[in-house]
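> Enclosed is the structure file model_1.cif (mmCIF, C-alpha atoms).
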```cif
data_work
#
loop_
_atom_site.label_atom_id
_atom_site.label_comp_id
_atom_site.auth_asym_id
_atom_site.auth_seq_id
_atom_site.Cartn_x
_atom_site.Cartn_y
_atom_site.Cartn_z
CA MET H 1 -17.88 7.55 21.24
CA SER H 2 -14.94 5.20 21.69
CA LEU H 3 -12.00 6.09 19.45
CA GLY H 4 -10.70 2.52 19.32
CA PHE H 5 -12.61 -0.64 18.47
CA SER H 6 -12.50 -3.79 16.34
CA ILE H 7 -14.91 -5.85 14.25
CA ASP H 8 -14.82 -9.24 12.55
CA LEU H 9 -13.65 -9.73 8.98
CA ILE H 10 -15.07 -13.04 7.77
CA HIS H 11 -13.30 -14.86 4.98
CA ARG H 12 -15.81 -16.22 2.48
CA ASP H 13 -14.30 -19.74 2.84
CA SER H 14 -14.64 -19.74 6.63
CA PRO H 15 -17.33 -21.89 8.30
CA LEU H 16 -18.51 -18.55 9.75
CA SER H 17 -19.26 -17.24 6.26
CA PRO H 18 -22.68 -17.41 4.61
CA PHE H 19 -20.80 -18.44 1.43
CA TYR H 20 -19.26 -21.51 3.12
CA ASP H 21 -19.80 -24.76 1.22
CA PRO H 22 -18.75 -27.77 3.35
CA SER H 23 -18.78 -30.03 0.30
CA LEU H 24 -15.78 -28.24 -1.26
CA THR H 25 -12.31 -29.66 -0.68
CA VAL H 26 -9.47 -27.36 0.41
CA SER H 27 -8.03 -27.69 -3.08
CA ARG H 28 -11.27 -26.50 -4.70
CA ARG H 29 -11.45 -23.53 -2.30
CA VAL H 30 -7.88 -22.56 -3.15
CA VAL H 31 -8.56 -22.76 -6.89
CA ALA H 32 -11.72 -20.68 -6.50
CA ALA H 33 -9.82 -18.04 -4.52
CA PHE H 34 -7.11 -17.86 -7.19
CA ASN H 35 -9.67 -17.54 -9.98
CA ARG H 36 -11.32 -14.67 -8.07
CA SER H 37 -7.89 -13.05 -7.78
CA ILE H 38 -7.22 -13.29 -11.50
CA HIS H 39 -10.61 -11.82 -12.45
CA ARG H 40 -10.19 -9.06 -9.86
CA ALA H 41 -6.76 -8.15 -11.26
CA GLN H 42 -8.27 -8.00 -14.75
CA PHE H 43 -10.93 -5.56 -13.57
CA PHE H 44 -8.32 -3.42 -11.81
CA ASN H 45 -6.38 -3.35 -15.05
CA SER H 46 -9.47 -2.15 -16.93
CA MET H 47 -9.78 0.76 -14.53
CA LEU H 48 -6.12 1.71 -14.98
CA SER H 49 -6.29 1.37 -18.77
CA GLY H 50 -8.75 4.20 -19.25
CA VAL H 51 -12.02 2.25 -19.04
CA THR H 52 -13.86 4.80 -16.89
CA ASN H 53 -16.76 4.19 -14.52
CA ILE H 54 -16.31 0.40 -14.60
CA PHE H 55 -15.30 -1.10 -11.26
CA PRO H 56 -14.00 -4.52 -10.13
CA ASN H 57 -16.91 -6.53 -8.75
CA PRO H 58 -16.48 -6.67 -4.94
CA GLN H 59 -18.21 -10.07 -5.20
CA LEU H 60 -14.65 -11.18 -6.07
CA ALA H 61 -13.29 -9.84 -2.75
CA ASP H 62 -12.31 -12.40 -0.13
CA TYR H 63 -13.76 -10.83 3.04
CA LEU H 64 -17.20 -9.94 4.39
CA MET H 65 -18.30 -7.70 7.23
CA LYS H 66 -21.54 -6.93 9.04
CA ILE H 67 -22.86 -3.43 9.63
CA SER H 68 -26.27 -2.02 10.43
CA ILE H 69 -28.01 0.87 8.68
CA GLY H 70 -30.85 3.02 9.96
CA THR H 71 -32.70 3.87 13.18
CA PRO H 72 -33.59 1.36 14.49
CA PRO H 73 -30.63 -0.57 12.98
CA GLN H 74 -31.21 -3.00 10.10
CA GLU H 75 -28.35 -5.49 9.58
CA ILE H 76 -26.61 -5.96 6.25
CA ILE H 77 -23.74 -8.22 5.18
CA GLY H 78 -21.48 -6.77 2.52
CA ALA H 79 -18.23 -7.52 0.75
CA ALA H 80 -15.52 -5.56 2.58
CA ASP H 81 -13.44 -4.13 -0.24
CA THR H 82 -10.37 -1.88 -0.16
CA GLY H 83 -10.72 -1.70 -3.96
CA SER H 84 -14.14 0.02 -3.82
CA ASP H 85 -15.41 3.32 -2.45
CA ILE H 86 -19.17 3.31 -2.35
CA ILE H 87 -21.34 1.70 0.32
CA TRP H 88 -24.61 0.40 -1.06
CA THR H 89 -27.34 -2.01 -0.05
CA GLN H 90 -30.54 -3.24 -1.62
CA CYS H 91 -33.53 -1.08 -0.70
CA GLU H 92 -37.27 -1.42 -0.68
CA PRO H 93 -39.20 -0.78 -2.78
CA CYS H 94 -37.22 -2.94 -5.21
CA SER H 95 -38.04 -2.47 -8.87
CA TYR H 96 -35.50 -5.23 -9.57
CA CYS H 97 -33.35 -6.87 -6.88
CA PHE H 98 -31.41 -10.10 -6.51
CA ASN H 99 -32.57 -12.56 -3.86
CA GLN H 100 -31.05 -12.13 -0.42
CA LYS H 101 -31.51 -14.09 2.81
CA LEU H 102 -31.50 -11.10 5.16
CA PRO H 103 -34.50 -8.75 5.07
CA ILE H 104 -34.01 -5.98 2.52
CA TYR H 105 -33.36 -2.57 4.07
CA ARG H 106 -36.50 -0.43 4.31
CA PRO H 107 -35.78 3.31 4.42
CA ASP H 108 -39.39 4.05 5.42
CA ASN H 109 -38.75 2.15 8.66
CA SER H 110 -35.84 4.41 9.59
CA SER H 111 -36.11 7.82 11.23
CA THR H 112 -32.62 8.86 10.08
CA TYR H 113 -32.85 8.25 6.32
CA ASN H 114 -32.42 11.37 4.19
CA SER H 115 -32.09 11.48 0.40
CA ILE H 116 -29.44 13.74 -1.16
CA THR H 117 -30.47 16.43 -3.63
CA CYS H 118 -29.01 16.81 -7.10
CA ASP H 119 -27.57 20.27 -6.43
CA SER H 120 -25.50 19.09 -3.45
CA LYS H 121 -21.69 18.86 -3.53
CA SER H 122 -21.95 15.17 -2.65
CA CYS H 123 -24.02 14.43 -5.72
CA MET H 124 -21.50 16.26 -7.91
CA LEU H 125 -18.83 13.74 -6.84
CA VAL H 126 -20.80 10.75 -8.17
CA PRO H 127 -19.25 9.65 -11.51
CA MET H 128 -22.51 8.28 -13.01
CA ARG H 129 -25.41 10.33 -11.69
CA SER H 130 -28.81 11.62 -12.72
CA CYS H 131 -31.75 13.38 -11.08
CA THR H 132 -35.39 12.69 -10.44
CA THR H 133 -37.71 15.28 -11.95
CA SER H 134 -40.22 15.10 -9.12
CA ASP H 135 -38.12 15.95 -6.06
CA ASN H 136 -34.57 16.59 -7.39
CA THR H 137 -33.15 13.49 -5.68
CA CYS H 138 -29.62 12.44 -6.64
CA LEU H 139 -29.52 9.05 -8.37
CA TYR H 140 -26.38 6.91 -8.64
CA LEU H 141 -25.32 4.07 -10.93
CA VAL H 142 -22.32 1.81 -10.34
CA VAL H 143 -21.40 -0.77 -12.98
CA TYR H 144 -18.86 -3.53 -12.37
CA GLY H 145 -16.52 -5.21 -14.82
CA ASP H 146 -18.78 -8.24 -15.25
CA LEU H 147 -21.72 -5.87 -15.97
CA SER H 148 -23.31 -6.41 -12.56
CA TYR H 149 -24.76 -3.13 -11.37
CA SER H 150 -26.55 -1.22 -8.63
CA SER H 151 -28.66 1.91 -9.08
CA GLY H 152 -30.90 3.94 -6.85
CA GLU H 153 -30.95 6.99 -4.59
CA LEU H 154 -27.91 8.53 -2.96
CA ALA H 155 -28.81 9.15 0.69
CA THR H 156 -27.41 9.58 4.18
CA GLU H 157 -28.11 7.25 7.05
CA THR H 158 -26.82 6.23 10.47
CA VAL H 159 -24.35 3.33 10.19
CA THR H 160 -23.80 1.21 13.30
CA LEU H 161 -20.84 -1.10 13.94
CA GLN H 162 -20.77 -3.68 16.72
CA SER H 163 -17.45 -3.42 18.56
CA ASP H 164 -15.62 -6.62 19.51
CA THR H 165 -13.41 -4.60 21.84
CA ASP H 166 -16.03 -3.76 24.47
CA GLY H 167 -19.32 -4.99 23.00
CA ASP H 168 -20.60 -1.46 22.46
CA SER H 169 -22.51 -0.35 19.38
CA LEU H 170 -20.89 2.59 17.62
CA ALA H 171 -23.21 4.79 15.55
CA TYR H 172 -22.00 7.07 12.75
CA PRO H 173 -24.65 9.57 11.61
CA ARG H 174 -25.11 11.00 8.10
CA VAL H 175 -23.03 8.43 6.24
CA MET H 176 -23.55 8.64 2.47
CA PHE H 177 -24.60 5.39 0.83
CA GLY H 178 -26.45 4.03 -2.16
CA CYS H 179 -30.03 2.90 -1.57
CA GLY H 180 -30.24 0.41 -4.43
CA HIS H 181 -33.68 -0.11 -5.96
CA ARG H 182 -32.29 -1.90 -9.04
CA ASN H 183 -29.46 -4.39 -8.51
CA ALA H 184 -28.53 -7.33 -10.69
CA GLY H 185 -25.67 -9.54 -11.83
CA MET H 186 -23.16 -11.79 -10.09
CA PHE H 187 -24.42 -11.28 -6.55
CA THR H 188 -25.50 -14.07 -4.21
CA ASP H 189 -28.34 -14.31 -1.72
CA ASP H 190 -25.87 -14.32 1.20
CA GLN H 191 -25.06 -10.63 0.93
CA SER H 192 -26.96 -7.36 0.92
CA GLY H 193 -24.52 -5.07 -0.83
CA ILE H 194 -21.00 -3.63 -0.76
CA ILE H 195 -18.95 -1.93 1.96
CA GLY H 196 -16.29 0.17 0.25
CA LEU H 197 -13.07 0.67 2.25
CA GLY H 198 -11.00 2.43 -0.41
CA GLY H 199 -9.55 5.93 -0.41
CA GLY H 200 -12.36 7.78 -2.22
CA PRO H 201 -14.88 10.22 -0.71
CA PHE H 202 -17.77 7.75 -0.33
CA SER H 203 -15.90 4.91 1.39
CA LEU H 204 -16.71 3.94 4.97
CA ILE H 205 -13.11 4.71 6.00
CA THR H 206 -13.18 8.24 4.55
CA GLN H 207 -16.57 9.02 6.05
CA MET H 208 -15.55 7.83 9.52
CA GLY H 209 -12.79 10.43 9.17
CA SER H 210 -11.62 12.23 12.28
CA SER H 211 -13.55 9.92 14.62
CA ILE H 212 -11.00 7.17 13.86
CA LYS H 213 -8.12 9.64 13.38
CA GLY H 214 -7.64 8.34 9.84
CA LYS H 215 -6.42 4.99 11.17
CA PHE H 216 -7.52 1.44 10.45
CA SER H 217 -5.74 -1.90 10.46
CA TYR H 218 -6.42 -5.58 9.98
CA CYS H 219 -4.86 -8.89 10.96
CA LEU H 220 -5.68 -11.73 8.55
CA VAL H 221 -5.55 -15.28 9.85
CA GLN H 222 -4.05 -17.95 7.62
CA MET H 223 -6.72 -19.00 5.11
CA PHE H 224 -5.42 -22.32 3.83
CA PRO H 225 -5.52 -25.18 4.49
CA HIS H 226 -8.03 -24.27 7.25
CA VAL H 227 -9.87 -21.14 8.35
CA GLU H 228 -10.72 -21.66 12.00
CA ARG H 229 -11.87 -18.20 13.00
CA SER H 230 -12.57 -14.73 11.68
CA SER H 231 -9.91 -12.12 11.06
CA LYS H 232 -10.03 -8.73 12.77
CA MET H 233 -10.28 -5.15 11.59
CA TYR H 234 -9.38 -2.28 13.92
CA PHE H 235 -10.26 1.41 13.89
CA GLY H 236 -8.91 4.52 15.61
CA ASP H 237 -6.65 4.09 18.62
CA ALA H 238 -7.08 0.30 18.45
CA ALA H 239 -5.57 0.37 14.94
CA MET H 240 -2.14 1.51 16.10
CA VAL H 241 0.74 -0.68 14.91
CA SER H 242 3.64 -0.21 17.30
CA GLY H 243 6.35 -2.09 19.16
CA ASP H 244 9.38 -4.10 18.12
CA GLY H 245 9.68 -5.16 14.52
CA VAL H 246 7.35 -2.53 13.01
CA VAL H 247 8.29 -1.36 9.51
CA SER H 248 6.51 1.44 7.64
CA THR H 249 6.30 2.61 4.04
CA PRO H 250 4.56 5.66 2.53
CA ILE H 251 1.20 5.61 0.75
CA LEU H 252 1.83 7.26 -2.61
CA SER H 253 -0.13 8.47 -5.57
CA GLY H 254 -0.41 6.02 -8.44
CA TYR H 255 -1.71 5.78 -11.96
CA GLY H 256 -5.29 4.99 -11.06
CA PRO H 257 -8.14 6.61 -9.11
CA GLY H 258 -7.86 7.60 -5.46
CA THR H 259 -9.68 4.42 -4.51
CA PHE H 260 -6.47 2.38 -4.37
CA TYR H 261 -3.71 2.39 -1.75
CA TYR H 262 -0.40 2.53 -3.63
CA LEU H 263 3.03 1.64 -2.21
CA ASN H 264 6.49 1.71 -3.76
CA PHE H 265 7.83 -1.81 -4.28
CA GLU H 266 11.59 -2.23 -4.81
CA GLY H 267 12.12 -5.98 -5.09
CA ILE H 268 12.42 -9.31 -3.25
CA THR H 269 15.39 -11.11 -1.73
CA VAL H 270 15.33 -14.92 -2.01
CA GLY H 271 18.04 -16.97 -0.29
CA GLY H 272 20.42 -14.01 -0.20
CA GLN H 273 19.81 -13.09 -3.86
CA ARG H 274 18.08 -9.77 -4.37
CA VAL H 275 15.78 -9.46 -7.37
CA ASP H 276 15.17 -5.78 -8.08
CA PHE H 277 11.78 -4.72 -9.42
CA TYR H 278 13.40 -2.29 -11.85
CA THR H 279 16.46 -3.30 -13.87
CA THR H 280 17.23 0.44 -14.14
CA LYS H 281 16.59 2.42 -10.96
CA PRO H 282 13.94 5.15 -11.52
CA THR H 283 14.77 8.77 -10.79
CA SER H 284 11.77 9.28 -8.49
CA VAL H 285 9.77 7.26 -5.95
CA GLU H 286 6.28 6.50 -7.22
CA GLY H 287 3.38 4.23 -6.32
CA ASN H 288 3.85 1.07 -8.38
CA ILE H 289 1.93 -1.60 -6.44
CA ILE H 290 -1.59 -1.71 -4.94
CA ILE H 291 -1.92 -3.25 -1.49
CA ASP H 292 -5.26 -5.04 -1.49
CA SER H 293 -7.01 -7.13 1.15
CA GLY H 294 -9.51 -8.54 -1.36
CA THR H 295 -7.07 -10.33 -3.70
CA SER H 296 -5.47 -13.62 -2.60
CA LEU H 297 -2.48 -13.77 -4.94
CA THR H 298 0.34 -11.29 -5.39
CA PHE H 299 0.69 -10.22 -9.04
CA PHE H 300 3.92 -9.08 -10.67
CA PRO H 301 4.81 -8.11 -14.24
CA GLU H 302 5.87 -11.11 -16.33
CA GLU H 303 9.47 -9.98 -16.71
CA PHE H 304 9.97 -9.51 -12.95
CA TYR H 305 8.05 -12.69 -12.15
CA ASN H 306 10.33 -14.73 -14.43
CA ARG H 307 13.46 -13.36 -12.73
CA LEU H 308 11.95 -14.05 -9.31
CA GLN H 309 10.99 -17.59 -10.26
CA LEU H 310 14.56 -18.27 -11.44
CA ALA H 311 15.87 -17.06 -8.08
CA VAL H 312 13.48 -19.39 -6.22
CA ARG H 313 14.48 -22.32 -8.45
CA HIS H 314 18.16 -21.54 -7.81
CA THR H 315 17.63 -21.46 -4.04
CA MET H 316 15.85 -24.84 -4.25
CA LYS H 317 18.08 -26.23 -7.01
CA ASP H 318 18.35 -29.71 -5.45
CA ILE H 319 14.57 -30.20 -5.59
CA VAL H 320 12.79 -30.91 -8.87
CA PRO H 321 9.53 -28.96 -9.42
CA VAL H 322 6.38 -30.86 -10.30
CA SER H 323 4.05 -30.05 -13.17
CA PRO H 324 1.59 -27.36 -12.02
CA ASP H 325 -2.13 -27.98 -12.08
CA ARG H 326 -3.51 -25.94 -14.97
CA GLU H 327 -6.60 -25.10 -12.92
CA ASN H 328 -4.78 -23.11 -10.26
CA ASN H 329 -2.88 -20.75 -12.63
CA LEU H 330 0.35 -21.04 -10.62
CA ARG H 331 3.52 -21.86 -12.52
CA LEU H 332 6.04 -23.09 -9.94
CA CYS H 333 5.01 -26.03 -7.75
CA TYR H 334 6.80 -28.67 -5.69
CA ASN H 335 5.96 -31.91 -3.96
CA ARG H 336 4.85 -30.73 -0.53
CA LEU H 337 6.51 -33.55 1.44
CA GLU H 338 9.86 -32.98 -0.27
CA VAL H 339 10.14 -29.23 0.31
CA MET H 340 8.42 -28.32 3.58
CA ALA H 341 11.74 -28.05 5.42
CA ASP H 342 13.48 -26.26 2.55
CA LEU H 343 11.09 -23.46 1.59
CA PRO H 344 13.00 -20.16 1.56
CA VAL H 345 12.21 -17.11 3.63
CA MET H 346 11.82 -14.10 1.35
CA VAL H 347 12.14 -10.40 2.07
CA ALA H 348 9.82 -8.00 0.22
CA HIS H 349 11.47 -4.59 -0.11
CA PHE H 350 9.27 -1.51 -0.04
CA ASN H 351 10.39 2.09 0.18
CA GLY H 352 11.74 2.34 3.73
CA ALA H 353 10.47 -1.11 4.81
CA ASP H 354 11.86 -4.63 4.49
CA LEU H 355 9.10 -7.16 5.09
CA GLU H 356 10.20 -10.70 5.94
CA LEU H 357 7.79 -13.18 4.38
CA ASP H 358 7.47 -16.61 5.93
CA PRO H 359 6.89 -19.54 3.56
CA MET H 360 3.16 -19.33 4.41
CA ASN H 361 3.16 -15.83 2.84
CA SER H 362 4.89 -16.81 -0.37
CA PHE H 363 3.80 -20.44 -0.93
CA VAL H 364 0.37 -22.05 -0.74
CA GLN H 365 -0.60 -25.68 -0.36
CA ILE H 366 -2.69 -27.07 -3.21
CA GLY H 367 -4.43 -30.23 -2.03
CA ASN H 368 -2.42 -32.84 -0.15
CA ASP H 369 0.51 -33.20 -2.51
CA SER H 370 1.57 -29.87 -4.01
CA ILE H 371 2.78 -26.54 -2.72
CA CYS H 372 3.13 -23.62 -5.14
CA LEU H 373 4.69 -20.18 -5.28
CA ALA H 374 1.79 -17.84 -4.42
CA PHE H 375 2.84 -15.17 -6.92
CA ALA H 376 1.56 -14.92 -10.48
CA PRO H 377 2.51 -12.96 -13.61
CA VAL H 378 0.15 -10.30 -14.90
CA ASP H 379 0.05 -7.92 -17.82
CA GLY H 380 -0.93 -4.70 -16.12
CA VAL H 381 -1.75 -3.81 -12.52
CA VAL H 382 0.66 -4.99 -9.79
CA ILE H 383 -1.00 -6.16 -6.55
CA PHE H 384 0.35 -7.14 -3.12
CA GLY H 385 -2.30 -9.68 -2.15
CA ASN H 386 -3.67 -10.99 1.12
CA LEU H 387 -1.73 -14.29 1.27
CA ALA H 388 1.44 -12.19 1.56
CA GLN H 389 -0.23 -10.19 4.37
CA MET H 390 -1.35 -13.17 6.49
CA ASN H 391 -0.19 -13.02 10.12
CA PHE H 392 0.85 -9.39 9.84
CA LEU H 393 -0.89 -6.57 11.64
CA VAL H 394 -1.25 -4.16 8.71
CA GLY H 395 -2.02 -0.57 9.72
CA TYR H 396 -3.06 2.36 7.52
CA ASP H 397 -2.55 5.91 8.77
CA LEU H 398 -4.25 8.11 6.19
CA ASN H 399 -3.18 11.31 7.96
CA LYS H 400 0.50 10.40 7.91
CA LYS H 401 0.03 8.53 4.61
CA THR H 402 1.81 5.37 5.76
CA VAL H 403 1.20 1.64 5.88
CA SER H 404 2.90 -0.22 8.74
CA PHE H 405 3.50 -3.95 9.22
CA ARG H 406 4.25 -6.01 12.32
CA ARG H 407 4.58 -9.79 12.34
CA THR H 408 1.69 -11.06 14.53
CA ASP H 409 -0.04 -14.36 15.28
CA CYS H 410 -3.49 -13.21 14.17
CA MET H 411 -5.15 -16.28 15.68
CA LYS H 412 -4.28 -14.98 19.15
CA LEU H 413 -5.85 -11.53 18.77
#
```
Can the structure in the file be given as structure tokens, please?


Amino acid sequence: MSLGFSIDLIHRDSPLSPFYDPSLTVSRRVVAAFNRSIHRAQFFNSMLSGVTNIFPNPQLADYLMKISIGTPPQEIIGAADTGSDIIWTQCEPCSYCFNQKLPIYRPDNSSTYNSITCDSKSCMLVPMRSCTTSDNTCLYLVVYGDLSYSSGELATETVTLQSDTDGDSLAYPRVMFGCGHRNAGMFTDDQSGIIGLGGGPFSLITQMGSSIKGKFSYCLVQMFPHVERSSKMYFGDAAMVSGDGVVSTPILSGYGPGTFYYLNFEGITVGGQRVDFYTTKPTSVEGNIIIDSGTSLTFFPEEFYNRLQLAVRHTMKDIVPVSPDRENNLRLCYNRLEVMADLPVMVAHFNGADLELDPMNSFVQIGNDSICLAFAPVDGVVIFGNLAQMNFLVGYDLNKKTVSFRRTDCMKL
């Protein structure tokens, strides 16, 4: 098996996406993405506030990926989500399933499907589990923050990924997943299920394990105002982030479950003025921000956000802000034509890594007239979102416990 390969990550607003709606203006797509971000942050906050066994709906994640399950392979399209662990897809026979365009996975058509028993170690790791009385099969239940849910059998199956690197198909045997016989809620007919990429035991990343040497990376093309092609996700040797300009920061433990990838955020420099995250420096380095590919906006605590906004206003003091559109939930906006040449470069400071953010990482165009600071205040979980990660090759090394960044034109990969 090749130890280095890549696959497509499809933004849901791309013409390549099954969610794509050509009737929506760029402005409406931006607003929808920001609303997804806000709801996703709220669900993250529920998880970190002691609401157990409730997960953010990956339907709110921004990217999709294709995998195949079974022998012979049966294709599914799922939300690719670094904020989720479990892989699940709808399964026949369905006692209750949402409509989907692709054929529903049929385990009886696969020679490699095997259910997991209740007395197995794998079943013991499932937070919400039960058992069948007839054959002792392990049953799972996952409930999301909007009360969407999936339930069914926990099983193992062969998962196949189609490599963009050399065109080969890469098969991973005995991957644990949820075979969902009852699935309902805020799911659409364009997807089959969820592909969890988080740090927990059931995620695709964890289960690929040593075969990818604990390494994966992605390069996200600029989403707005246009999405012309898919982004890329890399695994194994192909996921290496090296060369000039690479900066790295440790993955740390945080306050929430092992699903999330936590970094230590120290502050942002705007126009030569550094705005520290903490007004009093802590005595130890801890994970205080989640890096997430599924959330568009970057969310900061209100107090820090207000200090950062003042620094941006000071840097652009000769330009008068415009009234923000209440729909987009962003507080600091300018007339696009007046500021395009004056938008400041910012530097995000992480433990051991200074990340230079171009204006495209820290501002976003809203329609034809306005451009807004792409950060938002939040009461709770702090998130480094995907707009700030655009046109960086972002590499995770789970063995070394680091995240590395290198400025890259992702359109050229």

> Assuming the chain letters and numbering stay as they are in my file, what does the PyMOL selection byres ((chain H and resi 338) around 12) actually select? List them as a count of residues only.

19

> Where does the PyMOL selection byres ((chain H and resi 150) around 7) land in this file, that is, which residues does it pick, as a list in words?

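Here the PyMOL selection byres ((chain H and resi 150) around 7) matches Leu141, Val142, Val143, Tyr149, Ser151, Gly152, Gly180, Arg182, Asn183 and Ala184 of chain H.
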
> Identify all residues satisfying the PyMOL selection byres ((chain H and resi 295-300) around 7) in the given file; provide them as a list in words.

Ala33, Phe34, Ser37, Ala61, Asp62, Asp292, Ser293, Gly294, Pro301, Glu302, Phe304, Tyr305, Ala374, Phe375, Ala376, Pro377, Val378, Val382, Ile383, Phe384, Gly385, Asn386 and Leu387 of chain H

> Write to file, as a PDB file, in the frame of the given file, the residues of the selection just made, with C-alpha atoms.


```pdb
ATOM      1  CA  ALA H  33      -9.820 -18.040  -4.520  1.00  0.00           C
ATOM      2  CA  PHE H  34      -7.110 -17.860  -7.190  1.00  0.00           C
ATOM      3  CA  SER H  37      -7.890 -13.050  -7.780  1.00  0.00           C
ATOM      4  CA  ALA H  61     -13.290  -9.840  -2.750  1.00  0.00           C
ATOM      5  CA  ASP H  62     -12.310 -12.400  -0.130  1.00  0.00           C
ATOM      6  CA  ASP H 292      -5.260  -5.040  -1.490  1.00  0.00           C
ATOM      7  CA  SER H 293      -7.010  -7.130   1.150  1.00  0.00           C
ATOM      8  CA  GLY H 294      -9.510  -8.540  -1.360  1.00  0.00           C
ATOM      9  CA  PRO H 301       4.810  -8.110 -14.240  1.00  0.00           C
ATOM     10  CA  GLU H 302       5.870 -11.110 -16.330  1.00  0.00           C
ATOM     11  CA  PHE H 304       9.970  -9.510 -12.950  1.00  0.00           C
ATOM     12  CA  TYR H 305       8.050 -12.690 -12.150  1.00  0.00           C
ATOM     13  CA  ALA H 374       1.790 -17.840  -4.420  1.00  0.00           C
ATOM     14  CA  PHE H 375       2.840 -15.170  -6.920  1.00  0.00           C
ATOM     15  CA  ALA H 376       1.560 -14.920 -10.480  1.00  0.00           C
ATOM     16  CA  PRO H 377       2.510 -12.960 -13.610  1.00  0.00           C
ATOM     17  CA  VAL H 378       0.150 -10.300 -14.900  1.00  0.00           C
ATOM     18  CA  VAL H 382       0.660  -4.990  -9.790  1.00  0.00           C
ATOM     19  CA  ILE H 383      -1.000  -6.160  -6.550  1.00  0.00           C
ATOM     20  CA  PHE H 384       0.350  -7.140  -3.120  1.00  0.00           C
ATOM     21  CA  GLY H 385      -2.300  -9.680  -2.150  1.00  0.00           C
ATOM     22  CA  ASN H 386      -3.670 -10.990   1.120  1.00  0.00           C
ATOM     23  CA  LEU H 387      -1.730 -14.290   1.270  1.00  0.00           C
TER      24      LEU H 387
END
```

> Between H:Gly70, H:Gly258, H:Gly198, H:Gly209, which one has atoms that come closest to Cys179 of chain H, using all atoms listed in the file?

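Of all the options, H:Gly70 lies closest to Cys179 of chain H.
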
> Can you work out which one of H:Cys131, H:Ala41, H:Leu330, H:Leu393 has the shortest atom-to-atom distance to Gly380 of chain H, counting only C-alpha atoms?

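Smallest distance to Gly380 of chain H is found for H:Ala41.
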